[in-house]
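Report on one structure; see the data block that follows.
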Amino acid sequence: MTDALAIKIQHARLAYGHTSEPVLQDLSLTFRANQWTCLLGRSGCGKTSVLRKLAGLLEDAYWHGDILTCDGQPLAGRIAYMAQQDLLLPWLSVLDNVCVGYRLKGQPVTEAIRQQGLRLLEQVDMADKAQALPQTLSGGMRQRAALARTLMQDQPVVLMDEPFSALDAVTRHKLQTLSFELLKHKTVVLVTHDPQEAVRLGHQLYVFEGDPASARPLPALSSQPPRRLDSDTAQLQEQILERLEVDHA
Amino acid sequence: MHNVLAQPLSPIGSRRISWLKKALQVLISISVLVVLWQGAITIWDLPSFILPTPLSVFDVLTERYTILFKHTWVTAQEILIGLLLGVSIGLFFALQMLLFAPVRRWLLPILIASQAIPVFAIAPILMLWLDYGIASKVAMAAIIIFFPVTTCCYDGLRSTPQGYLDLAHTLGANRWRRLWHIQLPAALPALGSGLRVAVVIAPIGAVVGEWVGSSAGLGYLMLQANARMMIDEMFAALFILSLFSVALYFSVDWLLKKLIPWHAQ
């Protein structure tokens with residue numbers, strides 16, 4: 001098990017050109033260890049850019065600001081990333097996709113590693129599809145396989161960019177619960193457009209507002225996620241929607 | 001009561017029916033072509049030195065098959081070795097352009113300019129340099145092939161979905177492992193397209209080379225037959241060349257579908 005890791009972003013600014021207007025300004029965020037933090041906001045406000053910056057994928061942008069970790073060590077190499085698309089490689093079986101990280105690091109995929117991959121596939125209820133090719137699976141199954149691949153990386157921080165958005169309501173609900181259960185000992189940052197998803201899963205919530213955008217925290221609910229949908233969660237959803245509507249106006 | 005019609009066909013059964021359908025389609029196409037051919041001769045009363053009858057061409061195919069086979073073997077070697085060489089060169093150039101930006105800047109204009117020179121114009125030079133044997137025809141086929149392979153493969157290599165590259169980055173892949181495990185497999189469908197074009201145009205290179213100067217091969221046989229007014233033999237050689245090209249195309253297509261199943265689906 002990897003050690004828990006908290007991350008702090010302080011007074012960050014992001015622009016896509018040297019002289020262009022910033023997309024994000026005075027951005028401060030805290031991602032607590034072993035908790036789910038959900039980022040909400042209108043399209044194009046820079047949520048995904050924050051995620052890509054944390055993952056080391058933001059190359060052609062101007063970022064100013066500190067990214068601090070609780071242990072003072074760099075974040076690189078301690079991140080797992082789950083995108084909206086499952087990104088399963090179509091030429092590999094589901095099990096080989098789960099173990100692909102070892103190949104990409106140049107390490108041999110031993111029998112012990114394959115057994116570990118199979119155990120993770122069992123956890124996501126996909127053991128019977130271990131030898132199947134990804135294109136023969138449904139959207140929900142593919143995302144479960146992607147979840148197993150993320151778990152296989154065993155990194156302390158998991159970045160999720162709308163991983164459930166392309167799924168139907170029931171599959172999404174099941175996969176949210178499963179992901180929460182399996183990633184409860186990780187520091188998870190979830191970008192989502194769905195207030196219900198954020199309210200259900202988030203220990204803490206941030207809404208990106210304004211132009212240039214900055215992050216405003218929302219009061220968290222006292223109950224523990226994954227939450228049942230009740231009057232409290234409905235009220236918080238309403239509050240989120242109101243704030244998002246103001247930003248859309 | 002047992003409803004036989006309601007029973008689904010087994011995969012083997014449905015595959016057999018699909019093959020039968022395809023065979024029937026080919027048979028009908030050939031029959032229509034032969035009927036039209038014979039019809040044109042009968043209606044316009046064409047002499048045999050303009051258009052021989054299908055039957056006379058068939059006679060040549062059955063009576064002179066040893067000579068036809070000897071020349072087919074030579075052309076087949078030229079095409080297959082040319083393909084191997086052209087595809088290897090194409091793949092090599094595509095990788096160089098992907099990996100080294102200066103190579104891309106210098107090589108791409110040269111490659112495009114090389115295609116502006118007609119292959120007929122190069123043929124006599126190749127005869128001069130490589131002699132009248134198989135080497136000059138292999139070189140012709142390779143020259144005509146390598147460009148579509150290079151462009152298709154290069155396009156495939158540089159259009160790897162960004163998500164896969166991001167995944168490789170977060171999984172800690174270096175440049176070479178990313179190339180081997182992600183970019184090359186992702187480019188296989190594009191390389192397959194280049195290969196399909198290559199197998200169609202490879203016979204052109206080989207036959208053009210034989211026309212310019214050779215002592216064997218189907219192109220050589222066609223020239224000799226033409227000079228002796230043996231038009232039926234010319235048609236027989238042309239038929240074998242077409243049959244070989246079609247067989248080569250479908251074999252490569254079948255092989256690519258087997259090797260790149262995710263693209264076929």
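Chain labels A, B, ... are given in the sequence in which chains occur in the structure tokens; within each chain residues are numbered consecutively from 1, and ligands are likewise numbered from 1 in the order shown.
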
**Request:** Pull out every residue of chain A sitting within 10 Å of chain B, counting only C-alpha atoms, and send them as a ChimeraX atom specification.
**Result:** /A:52,55-57,76-92,100-106,133-136,150,153

How would the residues just chosen look if you wrote them out with N, CA and C atoms as a JSON list (two decimals), in the first residue's frame?
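again-v2.json written:
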[["chain", "number", "residue", "atom", "x", "y", "z"],
["A", 52, "ARG", "N", -4.62, 18.03, -15.64],
["A", 52, "ARG", "CA", -3.50, 17.73, -16.55],
["A", 52, "ARG", "C", -2.19, 18.28, -16.00],
["A", 55, "ALA", "N", -1.01, 15.92, -13.47],
["A", 55, "ALA", "CA", -0.52, 14.68, -14.09],
["A", 55, "ALA", "C", 0.75, 14.89, -14.90],
["A", 56, "GLY", "N", 1.19, 16.15, -15.03],
["A", 56, "GLY", "CA", 2.39, 16.43, -15.82],
["A", 56, "GLY", "C", 2.12, 16.42, -17.31],
["A", 57, "LEU", "N", 0.87, 16.63, -17.70],
["A", 57, "LEU", "CA", 0.50, 16.56, -19.12],
["A", 57, "LEU", "C", 0.28, 17.94, -19.75],
["A", 76, "ALA", "N", 5.48, 13.89, -9.55],
["A", 76, "ALA", "CA", 5.72, 13.04, -10.73],
["A", 76, "ALA", "C", 5.99, 11.59, -10.31],
["A", 77, "GLY", "N", 5.34, 10.68, -11.02],
["A", 77, "GLY", "CA", 5.54, 9.26, -10.72],
["A", 77, "GLY", "C", 4.65, 8.75, -9.61],
["A", 78, "ARG", "N", 3.80, 9.62, -9.06],
["A", 78, "ARG", "CA", 2.91, 9.16, -7.97],
["A", 78, "ARG", "C", 1.44, 9.41, -8.32],
["A", 79, "ILE", "N", 1.18, 9.46, -9.63],
["A", 79, "ILE", "CA", -0.15, 9.82, -10.12],
["A", 79, "ILE", "C", -0.71, 8.69, -10.97],
["A", 80, "ALA", "N", -1.98, 8.39, -10.81],
["A", 80, "ALA", "CA", -2.71, 7.54, -11.75],
["A", 80, "ALA", "C", -3.81, 8.40, -12.37],
["A", 81, "TYR", "N", -4.06, 8.21, -13.66],
["A", 81, "TYR", "CA", -4.96, 9.11, -14.38],
["A", 81, "TYR", "C", -6.05, 8.29, -15.05],
["A", 82, "MET", "N", -7.29, 8.69, -14.83],
["A", 82, "MET", "CA", -8.44, 8.00, -15.46],
["A", 82, "MET", "C", -9.22, 9.04, -16.24],
["A", 83, "ALA", "N", -9.26, 8.87, -17.55],
["A", 83, "ALA", "CA", -9.89, 9.87, -18.40],
["A", 83, "ALA", "C", -11.35, 9.50, -18.70],
["A", 84, "GLN", "N", -12.01, 10.39, -19.44],
["A", 84, "GLN", "CA", -13.41, 10.14, -19.84],
["A", 84, "GLN", "C", -13.48, 8.89, -20.71],
["A", 85, "GLN", "N", -12.51, 8.77, -21.65],
["A", 85, "GLN", "CA", -12.43, 7.54, -22.44],
["A", 85, "GLN", "C", -11.65, 6.52, -21.61],
["A", 86, "ASP", "N", -11.99, 5.26, -21.77],
["A", 86, "ASP", "CA", -11.33, 4.24, -20.97],
["A", 86, "ASP", "C", -9.85, 4.06, -21.36],
["A", 87, "LEU", "N", -9.50, 4.41, -22.62],
["A", 87, "LEU", "CA", -8.13, 4.31, -23.13],
["A", 87, "LEU", "C", -7.56, 2.89, -23.03],
["A", 88, "LEU", "N", -8.43, 1.90, -23.18],
["A", 88, "LEU", "CA", -7.93, 0.52, -23.24],
["A", 88, "LEU", "C", -7.33, 0.32, -24.63],
["A", 89, "LEU", "N", -6.17, -0.29, -24.70],
["A", 89, "LEU", "CA", -5.50, -0.49, -25.99],
["A", 89, "LEU", "C", -6.19, -1.65, -26.71],
["A", 90, "PRO", "N", -6.72, -1.40, -27.91],
["A", 90, "PRO", "CA", -7.56, -2.42, -28.57],
["A", 90, "PRO", "C", -6.80, -3.66, -29.00],
["A", 91, "TRP", "N", -5.44, -3.59, -29.06],
["A", 91, "TRP", "CA", -4.68, -4.76, -29.50],
["A", 91, "TRP", "C", -4.29, -5.66, -28.33],
["A", 92, "LEU", "N", -4.64, -5.25, -27.11],
["A", 92, "LEU", "CA", -4.31, -6.07, -25.94],
["A", 92, "LEU", "C", -5.58, -6.60, -25.29],
["A", 100, "VAL", "N", -0.53, -3.26, -18.34],
["A", 100, "VAL", "CA", 0.26, -2.56, -19.37],
["A", 100, "VAL", "C", 1.32, -1.61, -18.78],
["A", 101, "GLY", "N", 1.07, -1.14, -17.56],
["A", 101, "GLY", "CA", 2.01, -0.23, -16.91],
["A", 101, "GLY", "C", 3.39, -0.85, -16.78],
["A", 102, "TYR", "N", 3.45, -2.15, -16.50],
["A", 102, "TYR", "CA", 4.74, -2.84, -16.35],
["A", 102, "TYR", "C", 5.49, -2.87, -17.68],
["A", 103, "ARG", "N", 4.75, -3.19, -18.76],
["A", 103, "ARG", "CA", 5.38, -3.21, -20.09],
["A", 103, "ARG", "C", 5.95, -1.84, -20.41],
["A", 104, "LEU", "N", 5.15, -0.80, -20.12],
["A", 104, "LEU", "CA", 5.59, 0.56, -20.49],
["A", 104, "LEU", "C", 6.76, 1.04, -19.65],
["A", 105, "LYS", "N", 6.93, 0.43, -18.49],
["A", 105, "LYS", "CA", 8.11, 0.78, -17.67],
["A", 105, "LYS", "C", 9.29, -0.13, -18.00],
["A", 106, "GLY", "N", 9.08, -1.08, -18.91],
["A", 106, "GLY", "CA", 10.16, -1.98, -19.30],
["A", 106, "GLY", "C", 10.38, -3.11, -18.32],
["A", 133, "LEU", "N", -11.02, -9.03, -25.82],
["A", 133, "LEU", "CA", -10.50, -7.78, -26.36],
["A", 133, "LEU", "C", -11.45, -6.65, -25.98],
["A", 134, "PRO", "N", -10.94, -5.45, -25.71],
["A", 134, "PRO", "CA", -11.78, -4.37, -25.19],
["A", 134, "PRO", "C", -13.00, -4.04, -26.06],
["A", 135, "GLN", "N", -12.83, -4.15, -27.39],
["A", 135, "GLN", "CA", -13.93, -3.74, -28.28],
["A", 135, "GLN", "C", -15.12, -4.68, -28.22],
["A", 136, "THR", "N", -14.95, -5.82, -27.54],
["A", 136, "THR", "CA", -16.09, -6.73, -27.41],
["A", 136, "THR", "C", -16.89, -6.43, -26.14],
["A", 150, "THR", "N", -6.11, 1.30, -13.25],
["A", 150, "THR", "CA", -5.74, 2.38, -12.33],
["A", 150, "THR", "C", -5.31, 1.81, -10.99],
["A", 153, "GLN", "N", -1.83, 0.34, -10.85],
["A", 153, "GLN", "CA", -0.73, 1.30, -10.72],
["A", 153, "GLN", "C", -0.38, 1.54, -9.26]]

**Prompt:** Which residues, written as a ChimeraX atom specification, have at least one atom at most 8 Å from region 189-205 of chain B, with only C-alpha atoms counted and residues fewer than 6 positions away on the same chain left out?
**Reply:** /B:75,79,82-83,87,119,137,140-146,148-153,155-156,241,245-246,248-249,252-253,256,260,263

**Item:** DSSP helix (DSSP H, G or I) residues within region 40-103 of chain A, listed as a list in words
**Value:**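 Everything in region 40-103 of chain A that counts as helix (DSSP H, G or I) is Lys47, Thr48, Ser49, Val50, Leu51, Arg52, Lys53, Leu54, Ala55, Val94, Leu95, Asp96, Asn97, Val98, Val100, Gly101, Tyr102 and Arg103 of chain A.
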
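Among the candidates B:Leu157, B:Leu20, B:Ile110, B:Met230, the one nearest to Leu188 (chain B) when counting only C-alpha atoms is B:Leu157.
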
**Request:** Pick out the residues sitting within 7 Å of Ala145 (chain A), and hand them over as JSON, numbers by chain; count only C-alpha atoms, and ignore anything fewer than 2 positions along from it in its own chain.
**Result:** {"A": [94, 98, 121, 141, 142, 143, 147, 148, 149]}

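Atom to atom, CA of Gln237 (chain A) and CA of Ala198 (chain A) stand 8.6 Å apart.
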